[in-house]
>>> print(open('coords.pdb').read())   # PDB, C-alpha atoms
ATOM      1  CA  MET A 241     -15.880  -3.049  29.304
ATOM      2  CA  GLU A 242     -18.022  -3.787  26.285
ATOM      3  CA  ILE A 243     -17.225  -6.395  23.685
ATOM      4  CA  VAL A 244     -16.317  -3.686  21.163
ATOM      5  CA  HIS A 245     -13.514  -2.509  23.477
ATOM      6  CA  ILE A 246     -12.082  -6.009  23.631
ATOM      7  CA  LEU A 247     -12.386  -6.259  19.832
ATOM      8  CA  PHE A 248     -10.572  -2.946  19.417
ATOM      9  CA  LEU A 249      -7.755  -3.832  21.809
ATOM     10  CA  ALA A 250      -7.235  -7.292  20.301
ATOM     11  CA  PHE A 251      -7.065  -6.096  16.704
ATOM     12  CA  ALA A 252      -5.094  -2.950  17.552
ATOM     13  CA  ALA A 253      -2.465  -5.116  19.258
ATOM     14  CA  LEU A 254      -2.455  -7.475  16.275
ATOM     15  CA  ALA A 255      -2.021  -4.533  13.882
ATOM     16  CA  VAL A 256       0.912  -3.082  15.842
ATOM     17  CA  VAL A 257       2.687  -6.443  16.136
ATOM     18  CA  ALA A 258       2.198  -7.125  12.427
ATOM     19  CA  ALA A 259       3.389  -3.603  11.566
ATOM     20  CA  PHE A 260       6.623  -4.253  13.476
ATOM     21  CA  ASN A 261       6.857  -7.504  11.551
ATOM     22  CA  VAL A 262       6.658  -5.517   8.283
ATOM     23  CA  ILE A 263       9.642  -3.317   9.077
ATOM     24  CA  LEU A 264      11.853  -5.808  10.940
ATOM     25  CA  GLN A 265      11.743  -8.868   8.666
ATOM     26  CA  ARG A 266      14.665  -9.481   6.339
ATOM     27  CA  ASN A 267      12.680 -11.436   3.767
ATOM     28  CA  PRO A 268      10.215  -9.187   1.860
ATOM     29  CA  ILE A 269       7.600 -11.933   1.555
ATOM     30  CA  TYR A 270       7.247 -12.049   5.374
ATOM     31  CA  SER A 271       6.889  -8.266   5.343
ATOM     32  CA  ALA A 272       4.089  -8.604   2.787
ATOM     33  CA  ILE A 273       2.281 -11.159   4.944
ATOM     34  CA  GLY A 274       2.646  -8.849   7.957
ATOM     35  CA  LEU A 275       1.143  -5.988   5.947
ATOM     36  CA  ILE A 276      -1.805  -8.187   4.927
ATOM     37  CA  VAL A 277      -2.451  -8.904   8.627
ATOM     38  CA  VAL A 278      -2.341  -5.145   9.363
ATOM     39  CA  LEU A 279      -4.817  -4.424   6.559
ATOM     40  CA  CYS A 280      -7.253  -7.127   7.691
ATOM     41  CA  SER A 281      -7.168  -6.015  11.328
ATOM     42  CA  LEU A 282      -7.769  -2.416  10.203
ATOM     43  CA  ALA A 283     -10.794  -3.712   8.270
ATOM     44  CA  VAL A 284     -12.155  -5.079  11.572
ATOM     45  CA  LEU A 285     -11.536  -1.678  13.213
ATOM     46  CA  PHE A 286     -13.470  -0.012  10.361
ATOM     47  CA  LEU A 287     -16.370  -2.329  11.193
ATOM     48  CA  THR A 288     -16.303  -1.141  14.814
ATOM     49  CA  LEU A 289     -16.638   2.408  13.378
ATOM     50  CA  TYR A 290     -19.799   1.418  11.470
ATOM     51  CA  ALA A 291     -18.078   1.646   8.083
ATOM     52  CA  PRO A 292     -18.911  -1.728   6.460
ATOM     53  CA  PHE A 293     -18.334  -0.560   2.875
ATOM     54  CA  ILE A 294     -14.854   0.776   3.632
ATOM     55  CA  ALA A 295     -14.082  -2.436   5.538
ATOM     56  CA  ALA A 296     -15.097  -4.531   2.524
ATOM     57  CA  MET A 297     -13.066  -2.297   0.193
ATOM     58  CA  GLN A 298     -10.084  -2.636   2.535
ATOM     59  CA  VAL A 299     -10.149  -6.417   2.235
ATOM     60  CA  ILE A 300     -11.000  -6.580  -1.480
ATOM     61  CA  VAL A 301      -8.873  -3.747  -2.887
ATOM     62  CA  TYR A 302      -6.007  -3.495  -0.390
ATOM     63  CA  ALA A 303      -5.518  -6.999   0.947
ATOM     64  CA  GLY A 304      -6.803  -8.527  -2.288
ATOM     65  CA  ALA A 305      -5.579  -6.516  -5.256
ATOM     66  CA  ILE A 306      -2.686  -4.327  -4.083
ATOM     67  CA  MET A 307      -1.011  -6.937  -1.894
ATOM     68  CA  VAL A 308      -1.315  -9.578  -4.620
ATOM     69  CA  LEU A 309       0.567  -7.132  -6.865
ATOM     70  CA  PHE A 310       3.285  -6.806  -4.196
ATOM     71  CA  VAL A 311       3.585 -10.572  -3.657
ATOM     72  CA  PHE A 312       3.602 -11.098  -7.423
ATOM     73  CA  VAL A 313       6.495  -8.688  -7.913
ATOM     74  CA  ILE A 314       8.450 -10.148  -4.968
ATOM     75  CA  MET A 315       8.128 -13.646  -6.416
ATOM     76  CA  LEU A 316       8.771 -12.465 -10.004
ATOM     77  CA  LEU A 317      12.051 -10.823  -9.043
ATOM     78  CA  ASN A 318      13.084 -13.736  -6.780
ATOM     79  CA  ILE A 319      14.724 -11.443  -4.245
ATOM     80  CA  ARG A 320      17.403 -12.832  -1.984
ATOM     81  CA  GLU A 321      17.328 -12.112   1.710
ATOM     82  CA  GLU A 322      19.157  -8.895   2.463
ATOM     83  CA  GLU A 323      22.261  -9.182   4.583
ATOM     84  CA  SER A 324      22.070  -7.209   7.804
ATOM     85  CA  LYS A 325      24.241  -4.108   7.917
ATOM     86  CA  THR A 326      22.792  -1.397  10.058
ATOM     87  CA  ASP A 327      26.027   0.447  10.768
ATOM     88  CA  ARG A 328      25.079   3.065   8.164
ATOM     89  CA  GLN A 329      22.468   4.579  10.468
ATOM     90  CA  LYS A 330      24.531   4.786  13.643
ATOM     91  CA  TYR A 331      23.356   8.294  14.426
ATOM     92  CA  LEU A 332      19.673   7.262  14.254
ATOM     93  CA  LYS A 333      20.047   5.311  17.509
ATOM     94  CA  PHE A 334      20.575   8.517  19.446
ATOM     95  CA  LEU A 335      17.539  10.119  17.821
ATOM     96  CA  ALA A 336      15.257   7.161  18.623
ATOM     97  CA  ALA A 337      14.698   7.782  22.343
ATOM     98  CA  PRO A 338      13.854  11.521  22.141
ATOM     99  CA  LEU A 339      11.638  10.975  19.105
ATOM    100  CA  PHE A 340       9.778   8.166  20.892
ATOM    101  CA  LEU A 341       9.213  10.443  23.887
ATOM    102  CA  ALA A 342       7.983  13.170  21.523
ATOM    103  CA  LEU A 343       5.528  10.708  19.982
ATOM    104  CA  LEU A 344       4.208   9.719  23.419
ATOM    105  CA  GLY A 345       3.865  13.399  24.311
ATOM    106  CA  MET A 346       1.958  14.136  21.120
ATOM    107  CA  ILE A 347      -0.388  11.186  21.670
ATOM    108  CA  ALA A 348      -1.011  12.310  25.262
ATOM    109  CA  ALA A 349      -1.707  15.872  24.087
ATOM    110  CA  VAL A 350      -4.151  14.657  21.423
ATOM    111  CA  VAL A 351      -5.946  12.365  23.868
ATOM    112  CA  LYS A 352      -6.249  15.252  26.328
ATOM    113  CA  THR A 353      -7.512  17.688  23.667
ATOM    114  CA  VAL A 354      -9.947  15.315  21.985
ATOM    115  CA  GLY A 355     -11.467  14.006  25.194
ATOM    116  CA  ASN A 356     -14.299  11.569  24.748
ATOM    117  CA  PRO A 357     -16.923  12.989  22.348
ATOM    118  CA  ALA A 358     -20.101  11.056  21.583
ATOM    119  CA  PRO A 359     -20.380   9.752  18.011
ATOM    120  CA  ARG A 360     -22.659  11.813  15.811
ATOM    121  CA  GLY A 361     -24.775  10.671  12.893
ATOM    122  CA  THR A 362     -26.671   7.450  12.436
ATOM    123  CA  ASP A 363     -25.344   3.913  12.263
ATOM    124  CA  GLN A 364     -26.222   4.015   8.555
ATOM    125  CA  LEU A 365     -23.461   6.583   7.878
ATOM    126  CA  GLY A 366     -21.107   4.092   6.289
ATOM    127  CA  SER A 367     -23.720   2.225   4.270
ATOM    128  CA  VAL A 368     -23.351   1.845   0.506
ATOM    129  CA  GLN A 369     -26.370   4.082  -0.083
ATOM    130  CA  THR A 370     -25.035   7.022   1.947
ATOM    131  CA  LEU A 371     -21.585   6.736   0.386
ATOM    132  CA  ALA A 372     -23.006   6.506  -3.133
ATOM    133  CA  GLU A 373     -25.164   9.582  -2.584
ATOM    134  CA  GLY A 374     -22.105  11.559  -1.529
ATOM    135  CA  MET A 375     -19.858  10.144  -4.236
ATOM    136  CA  PHE A 376     -22.186  10.709  -7.189
ATOM    137  CA  THR A 377     -23.599  14.105  -6.222
ATOM    138  CA  LYS A 378     -21.266  16.359  -4.288
ATOM    139  CA  TYR A 379     -17.996  14.561  -5.077
ATOM    140  CA  VAL A 380     -18.662  13.381  -8.617
ATOM    141  CA  LEU A 381     -15.760  15.408 -10.063
ATOM    142  CA  PRO A 382     -13.098  13.869  -7.787
ATOM    143  CA  PHE A 383     -14.616  10.475  -8.525
ATOM    144  CA  GLU A 384     -14.232  11.019 -12.279
ATOM    145  CA  ALA A 385     -10.717  12.379 -11.725
ATOM    146  CA  THR A 386      -9.702   9.085 -10.074
ATOM    147  CA  SER A 387     -10.712   7.231 -13.239
ATOM    148  CA  VAL A 388      -8.308   9.412 -15.248
ATOM    149  CA  LEU A 389      -5.648   8.754 -12.595
ATOM    150  CA  ILE A 390      -6.114   4.990 -12.890
ATOM    151  CA  LEU A 391      -5.864   5.220 -16.693
ATOM    152  CA  MET A 392      -2.618   7.178 -16.403
ATOM    153  CA  ALA A 393      -1.277   4.607 -13.930
ATOM    154  CA  ILE A 394      -2.078   1.753 -16.342
ATOM    155  CA  VAL A 395      -0.388   3.466 -19.290
ATOM    156  CA  GLY A 396       2.580   4.565 -17.165
ATOM    157  CA  SER A 397       3.239   1.170 -15.613
ATOM    158  CA  MET A 398       3.009  -0.583 -18.983
ATOM    159  CA  LEU A 399       5.437   1.907 -20.476
ATOM    160  CA  LEU A 400       7.871   1.552 -17.537
ATOM    161  CA  ALA A 401       7.871  -2.227 -17.229
ATOM    162  CA  ARG A 402       7.993  -2.909 -20.976
ATOM    163  CA  ARG A 403      11.066  -4.762 -22.159
ATOM    164  CA  GLU A 404      12.398  -3.257 -25.357
ATOM    165  CA  LYS A 405      15.520  -4.963 -26.637
ATOM    166  CA  ALA A 406      16.872  -5.294 -30.156
ATOM    167  CA  GLU A 407      17.202  -9.088 -29.883
ATOM    168  CA  ASP A 408      13.559  -9.418 -28.813
ATOM    169  CA  VAL A 409      12.369  -7.405 -31.807
ATOM    170  CA  GLU A 410      14.597  -9.533 -34.053
ATOM    171  CA  ARG A 411      13.224 -12.775 -32.575
ATOM    172  CA  ILE A 412       9.631 -11.664 -33.108
ATOM    173  CA  GLU A 413      10.373 -10.676 -36.719
ATOM    174  CA  GLN A 414      12.034 -14.037 -37.367
ATOM    175  CA  ALA A 415       9.053 -15.880 -35.882
ATOM    176  CA  LEU A 416       6.678 -13.864 -38.081
ATOM    177  CA  ALA A 417       8.766 -14.565 -41.200
ATOM    178  CA  ALA A 418       8.909 -18.285 -40.348
ATOM    179  CA  SER A 419       5.147 -18.484 -39.935
ATOM    180  CA  GLN A 420       4.631 -16.710 -43.260
ATOM    181  CA  GLU A 421       7.007 -19.109 -44.995
ATOM    182  CA  GLY A 422       5.162 -22.013 -43.447
ATOM    183  CA  ALA A 423       1.830 -20.646 -44.679
ATOM    184  CA  GLU A 424       3.225 -20.165 -48.201
ATOM    185  CA  ALA A 425       4.610 -23.704 -48.185
ATOM    186  CA  THR A 426       1.242 -25.219 -47.241
ATOM    187  CA  GLU A 427      -0.433 -23.117 -49.957
ATOM    188  CA  LYS A 428       2.017 -24.484 -52.558
ATOM    189  CA  GLU A 429       1.350 -28.036 -51.352
ATOM    190  CA  GLU A 430      -2.375 -27.463 -51.677
ATOM    191  CA  VAL A 431      -1.927 -26.087 -55.211
ATOM    192  CA  ALA A 432       0.245 -29.059 -56.137
ATOM    193  CA  ALA A 433      -2.296 -31.503 -54.760
TER     194      ALA A 433
ATOM    195  CA  MET B 134     -18.420   2.811  21.910
ATOM    196  CA  VAL B 135     -14.623   2.929  21.723
ATOM    197  CA  PRO B 136     -13.370   6.488  22.410
ATOM    198  CA  LEU B 137     -12.086   8.540  19.474
ATOM    199  CA  SER B 138      -8.712   9.042  21.155
ATOM    200  CA  TRP B 139      -7.975   5.306  21.067
ATOM    201  CA  TYR B 140      -8.284   5.266  17.293
ATOM    202  CA  LEU B 141      -6.115   8.381  16.991
ATOM    203  CA  ALA B 142      -3.432   6.874  19.240
ATOM    204  CA  LEU B 143      -3.373   3.624  17.256
ATOM    205  CA  SER B 144      -3.196   5.593  14.028
ATOM    206  CA  ALA B 145      -0.247   7.633  15.326
ATOM    207  CA  VAL B 146       1.585   4.470  16.383
ATOM    208  CA  LEU B 147       1.037   2.761  13.014
ATOM    209  CA  PHE B 148       2.118   5.892  11.124
ATOM    210  CA  THR B 149       5.279   6.124  13.225
ATOM    211  CA  ILE B 150       6.109   2.480  12.583
ATOM    212  CA  GLY B 151       5.760   3.239   8.863
ATOM    213  CA  VAL B 152       8.112   6.216   9.122
ATOM    214  CA  VAL B 153      10.663   4.156  11.069
ATOM    215  CA  GLY B 154      10.420   1.460   8.397
ATOM    216  CA  VAL B 155      11.203   3.989   5.654
ATOM    217  CA  LEU B 156      14.216   5.143   7.682
ATOM    218  CA  ILE B 157      15.725   1.738   8.497
ATOM    219  CA  GLN B 158      14.830  -0.399   5.481
ATOM    220  CA  ARG B 159      16.844  -0.444   2.288
ATOM    221  CA  ASN B 160      14.747  -2.821   0.218
ATOM    222  CA  ALA B 161      12.666  -0.800  -2.267
ATOM    223  CA  ILE B 162       9.629  -3.102  -2.047
ATOM    224  CA  VAL B 163       9.559  -2.965   1.759
ATOM    225  CA  LEU B 164       9.826   0.829   1.531
ATOM    226  CA  PHE B 165       6.675   0.756  -0.572
ATOM    227  CA  MET B 166       4.946  -1.418   2.005
ATOM    228  CA  CYS B 167       5.869   1.089   4.727
ATOM    229  CA  ILE B 168       4.242   3.830   2.634
ATOM    230  CA  GLU B 169       1.087   1.700   2.388
ATOM    231  CA  LEU B 170       1.241   1.317   6.171
ATOM    232  CA  MET B 171       1.303   5.098   6.597
ATOM    233  CA  LEU B 172      -1.592   5.539   4.159
ATOM    234  CA  ASN B 173      -3.607   3.038   6.164
ATOM    235  CA  ALA B 174      -2.886   4.815   9.427
ATOM    236  CA  VAL B 175      -4.277   8.015   7.890
ATOM    237  CA  ASN B 176      -7.298   6.092   6.582
ATOM    238  CA  LEU B 177      -8.062   4.948  10.127
ATOM    239  CA  THR B 178      -8.008   8.570  11.315
ATOM    240  CA  LEU B 179     -10.311   9.641   8.482
ATOM    241  CA  VAL B 180     -12.868   6.913   9.173
ATOM    242  CA  ALA B 181     -12.755   7.592  12.930
ATOM    243  CA  PHE B 182     -13.384  11.327  12.446
ATOM    244  CA  SER B 183     -16.093  10.539   9.887
ATOM    245  CA  ARG B 184     -17.891   8.464  12.515
ATOM    246  CA  PHE B 185     -17.466  10.943  15.354
ATOM    247  CA  LEU B 186     -18.405  14.029  13.290
ATOM    248  CA  GLY B 187     -21.317  12.336  11.531
ATOM    249  CA  ASP B 188     -19.966  13.353   8.120
ATOM    250  CA  VAL B 189     -19.598  10.904   5.235
ATOM    251  CA  THR B 190     -16.822  12.936   3.544
ATOM    252  CA  GLY B 191     -14.090  11.195   5.540
ATOM    253  CA  GLN B 192     -15.098   7.790   4.232
ATOM    254  CA  LEU B 193     -15.258   9.100   0.662
ATOM    255  CA  PHE B 194     -11.756  10.455   1.114
ATOM    256  CA  VAL B 195     -10.620   6.988   2.227
ATOM    257  CA  PHE B 196     -12.017   5.683  -1.056
ATOM    258  CA  MET B 197      -9.903   8.214  -2.977
ATOM    259  CA  VAL B 198      -6.817   7.331  -0.910
ATOM    260  CA  MET B 199      -7.282   3.660  -1.801
ATOM    261  CA  THR B 200      -7.471   4.572  -5.506
ATOM    262  CA  VAL B 201      -4.302   6.635  -5.276
ATOM    263  CA  ALA B 202      -2.589   3.813  -3.360
ATOM    264  CA  ALA B 203      -3.497   1.357  -6.102
ATOM    265  CA  ALA B 204      -2.178   3.675  -8.823
ATOM    266  CA  GLU B 205       0.964   4.362  -6.806
ATOM    267  CA  ALA B 206       1.593   0.656  -6.229
ATOM    268  CA  ALA B 207       1.200  -0.113  -9.945
ATOM    269  CA  VAL B 208       3.581   2.624 -11.115
ATOM    270  CA  GLY B 209       6.018   2.093  -8.238
ATOM    271  CA  LEU B 210       6.279  -1.633  -8.792
ATOM    272  CA  ALA B 211       6.827  -1.043 -12.518
ATOM    273  CA  ILE B 212       9.712   1.281 -11.609
ATOM    274  CA  ILE B 213      11.062  -1.372  -9.218
ATOM    275  CA  ILE B 214      10.924  -4.033 -11.957
ATOM    276  CA  SER B 215      12.830  -1.883 -14.424
ATOM    277  CA  LEU B 216      15.313  -0.950 -11.662
ATOM    278  CA  PHE B 217      15.889  -4.625 -10.899
ATOM    279  CA  ARG B 218      16.419  -5.384 -14.597
ATOM    280  CA  ASN B 219      19.123  -2.749 -14.858
ATOM    281  CA  ARG B 220      20.829  -3.144 -11.481
ATOM    282  CA  GLU B 221      20.075  -6.711 -10.318
ATOM    283  CA  THR B 222      19.394  -5.302  -6.853
ATOM    284  CA  LEU B 223      16.605  -3.607  -4.927
ATOM    285  CA  ASN B 224      18.880  -1.835  -2.477
ATOM    286  CA  VAL B 225      17.941   1.842  -2.689
ATOM    287  CA  ASP B 226      21.466   2.878  -1.622
ATOM    288  CA  GLU B 227      22.819   1.479  -4.877
ATOM    289  CA  ALA B 228      20.228   3.249  -7.022
ATOM    290  CA  ASP B 229      21.680   6.709  -6.547
ATOM    291  CA  LEU B 230      21.988   7.848 -10.176
ATOM    292  CA  LEU B 231      19.280   9.212 -12.433
ATOM    293  CA  LYS B 232      20.813   7.509 -15.464
ATOM    294  CA  LEU B 233      22.448   4.114 -15.831
TER     295      LEU B 233
END
>>> encode(input="coords.pdb", output="structure tokens")
Amino acid sequence: MEIVHILFLAFAALAVVAAFNVILQRNPIYSAIGLIVVLCSLAVLFLTLYAPFIAAMQVIVYAGAIMVLFVFVIMLLNIREEESKTDRQKYLKFLAAPLFLALLGMIAAVVKTVGNPAPRGTDQLGSVQTLAEGMFTKYVLPFEATSVLILMAIVGSMLLARREKAEDVERIEQALAASQEGAEATEKEEVAA
Amino acid sequence: MVPLSWYLALSAVLFTIGVVGVLIQRNAIVLFMCIELMLNAVNLTLVAFSRFLGDVTGQLFVFMVMTVAAAEAAVGLAIIISLFRNRETLNVDEADLLKL
């Protein structure tokens, strides 16, 4: 057994345990921490697949940016721990065992079909240069489309999360009027002096 | 080299955990995290096939998935914030009307 096998097994086990942590915790902040562990261990697995750029993006964009957004919203809303009431999904218990067996069967079928092919391509496949060549030649249109998508997401989220209340508008107008009055008063004082 | 099937099996397990999370959780934010979990399971499959087929397209697709996940998280969390303002709860069972 090579060291890469041990690396895979260790981080795969960590990812599965942390994934269970995500769905079984009552407090959302613990779920978020579990998800961060999953994302970081997947970054290590990307490294074992010779994809260093994707691994770096996983840590920077996913574990860095997206999860900070999640943690920020959880703390902003100050969510209480949910009380446990699972009686709503009574019937799901009976589905669990057959579905789990079906999953095992599917995994076994895939493992049997896929076999053990040798990796193709060079170790430089996941380098920044190779990815950039693909992204800015063949796939330049999808790349530009994602920039439009991000712009739409920014505009949409600002529009959705904006607070628009009559009292707020009133308060802002009052503050503006007060500052104008103050400015006029200082002007008069200056003239008088 | 770790066999391709190991990556596929791990990806299937992580995806299934994400699906189970969507089924059993009622907190909207945790539902979103389960969706991120499923997206990541698919990303692992894409990178594994990219390596074993010698084609860079899979990794570029992972890049696009990350962009979509970021956009989805931004819009989704904005929806969750406005939901919490109106309902004072994140329980998706209580958010069952299109209007207030």
>>> resolve_selection(input="coords.pdb", expression="the PyMOL selection byres ((chain B) within 6 of (chain A))", output="VMD selection string")
chain B and resid 135 to 136 138 142 154 185 to 187 204 208 211 215
>>> closest_residue(input="coords.pdb", among="A:Asn318, A:Thr426, A:Gln369, A:Gln364", to="B:Arg218", atoms="all atoms listed in the file")
A:Asn318
>>> atom_distance(input="coords.pdb", atom1="atom CA of B:Val201", atom2="atom CA of B:Glu169")
10.6 Å
>>> resolve_selection(input="coords.pdb", expression="the PyMOL selection byres ((chain B and resi 178) around 10)", output="PyMOL selection string")
chain B and resi 137-138+140-145+173-177+179-184+191+195
>>> atom_distance(input="coords.pdb", atom1="atom CA of A:Cys280", atom2="atom CA of A:Ala295")
8.6 Å
>>> closest_residue(input="coords.pdb", among="A:Glu407, A:Phe334, A:Val308, A:Asn261", to="B:Ile150", atoms="only C-alpha atoms")
A:Asn261
>>> atom_distance(input="coords.pdb", atom1="atom CA of B:Met171", atom2="atom CA of B:Ile214")
22.8 Å
